[in-house]
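Structure first, commentary second.
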Amino acid sequence: MSGSGRHGGVKAVLLIVLAVILIVGIGLYSKVKGTYNQLVGLDEGVKGKWAQVENQLQRRFDLIPNLVSTVKGYAAHEKDVLTEVTNARSRVGGAGSVPDKMEANNGLSSALARLLVVVERYPDLKADQNFLKLQDELAGTENRIAVERKRYNDAVVVFNTKLRSFPTNIIAGFFDFSRADLFEAPGEAKSAPKVEF
């Protein structure tokens with residue numbers, strides 16, 4: 001066999017190896033690009049769902065001063081409960097991160113529940129039209145918060161599941177994607193309230 005024939009065979013093998021490397025590289029690039037874009041989409045979905053939760057939390061936040069003012073007129077000596085609601089509302093206003101906002105809003109939910117227990121002691125207040133309207137708006141807002149919280153948590157579960165799946169977890173780690181926090185109910189919600197007649 002001549003030297004030029006051997007040289008041509010090595011050249012052909014080299015071209016085949018380069019073609020295989022190029023095909024594998026393109027496939028790997030496509031997989032990483034697709035996974036990255038999917039993670040971005042899921043992450044943005046979680047952020048969008050959280051924005052909807054925040055819209056409803058803001059609505060509740062805006063209703064509280066009117067509710068407290070109305071109750072204050074009837075139950076002035078229930079100052080501790082009213083102060084607790086006002087302080088909880090302030091903590092919500094000052095919360096920065098998503099976990100801090102979740103914790104502050106859970107505290108506000110607890111304070112509002114205690115306020116509504118106080119209201120039960122005042123029949124005149126329960127009959128006040130302004131209070132009834134505010135209470136209805138608050139109840140509607142709480143329902144909206146529950147719906148948006150569920151949608152947010154559903155998006156978080158999808159995102160976190162994808163993030164932890166192999167090989168996505170490798171790509172997610174490389175691009176610094178991190179798990180999203182679930183919006184869980186406050187600890188008090190896990191035990192039944194004590195009702196006395």
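In the structure tokens, each chain is lettered A, B, ... as it comes, each chain's residues begin at 1, and ligands are numbered from 1 in order of appearance.
Within 10 Å of Val81 (chain A), once only C-alpha atoms are used and residues closer than 6 positions along the same chain are dropped, the contacting residues are Val68, Ala75, Asn87, Ala111, Leu112, Arg114, Leu115, Leu116, Val117 and Val118 of chain A.
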I need the residues from that last selection saved to file as a PDB file, in the first residue's frame (with N, CA and C atoms), if you can.
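The new file out-v1.pdb reads:
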```pdb
ATOM      1  N   VAL A  68     -59.673  48.300  60.974  1.00  0.00           N
ATOM      2  CA  VAL A  68     -59.218  48.621  62.335  1.00  0.00           C
ATOM      3  C   VAL A  68     -59.921  49.878  62.848  1.00  0.00           C
ATOM      4  N   ALA A  75     -64.761  48.961  69.895  1.00  0.00           N
ATOM      5  CA  ALA A  75     -64.025  48.139  70.857  1.00  0.00           C
ATOM      6  C   ALA A  75     -62.732  48.822  71.259  1.00  0.00           C
ATOM      7  N   ASN A  87     -49.314  46.350  64.037  1.00  0.00           N
ATOM      8  CA  ASN A  87     -47.901  45.950  63.987  1.00  0.00           C
ATOM      9  C   ASN A  87     -47.656  44.880  62.932  1.00  0.00           C
ATOM     10  N   ALA A 111     -53.167  37.650  63.225  1.00  0.00           N
ATOM     11  CA  ALA A 111     -53.665  38.833  63.938  1.00  0.00           C
ATOM     12  C   ALA A 111     -55.093  39.159  63.508  1.00  0.00           C
ATOM     13  N   LEU A 112     -55.381  39.045  62.220  1.00  0.00           N
ATOM     14  CA  LEU A 112     -56.745  39.298  61.739  1.00  0.00           C
ATOM     15  C   LEU A 112     -57.729  38.278  62.304  1.00  0.00           C
ATOM     16  N   ARG A 114     -57.544  36.854  65.191  1.00  0.00           N
ATOM     17  CA  ARG A 114     -57.809  37.263  66.582  1.00  0.00           C
ATOM     18  C   ARG A 114     -58.734  38.486  66.625  1.00  0.00           C
ATOM     19  N   LEU A 115     -58.562  39.390  65.664  1.00  0.00           N
ATOM     20  CA  LEU A 115     -59.435  40.564  65.598  1.00  0.00           C
ATOM     21  C   LEU A 115     -60.885  40.136  65.347  1.00  0.00           C
ATOM     22  N   LEU A 116     -61.082  39.192  64.469  1.00  0.00           N
ATOM     23  CA  LEU A 116     -62.438  38.746  64.156  1.00  0.00           C
ATOM     24  C   LEU A 116     -63.070  38.005  65.330  1.00  0.00           C
ATOM     25  N   VAL A 117     -62.257  37.384  66.169  1.00  0.00           N
ATOM     26  CA  VAL A 117     -62.783  36.770  67.394  1.00  0.00           C
ATOM     27  C   VAL A 117     -63.271  37.865  68.342  1.00  0.00           C
ATOM     28  N   VAL A 118     -62.531  38.968  68.432  1.00  0.00           N
ATOM     29  CA  VAL A 118     -62.926  40.102  69.280  1.00  0.00           C
ATOM     30  C   VAL A 118     -64.257  40.670  68.794  1.00  0.00           C
TER      31      VAL A 118
END
```
message = Taking only C-alpha atoms into account, name the residue in A:Pro99, A:Gly45, A:Gly25, A:Gly8 that is nearest to Asp181 (chain A).
response =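 Closest candidate: A:Pro99.
The residue set within 8 Å of Thr168 (chain A), counting only C-alpha atoms and dropping same-chain residues fewer than 5 places from it, reads Thr35, Lys162 and Leu163 of chain A.
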Next, dump the selected residues to file, keeping only C-alpha atoms, as a tab-separated table (two decimals), in the first residue's frame.
```tsv
chain	number	residue	atom	x	y	z
A	35	THR	CA	-33.30	23.00	29.35
A	162	LYS	CA	-37.84	20.16	37.08
A	163	LEU	CA	-34.91	21.78	38.89
```
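You can rank A:Leu134, A:Ile171, A:Leu67, A:Val98 by their closest distance to Val53 (chain A) using only C-alpha atoms, and at the top of that list sits A:Val98.
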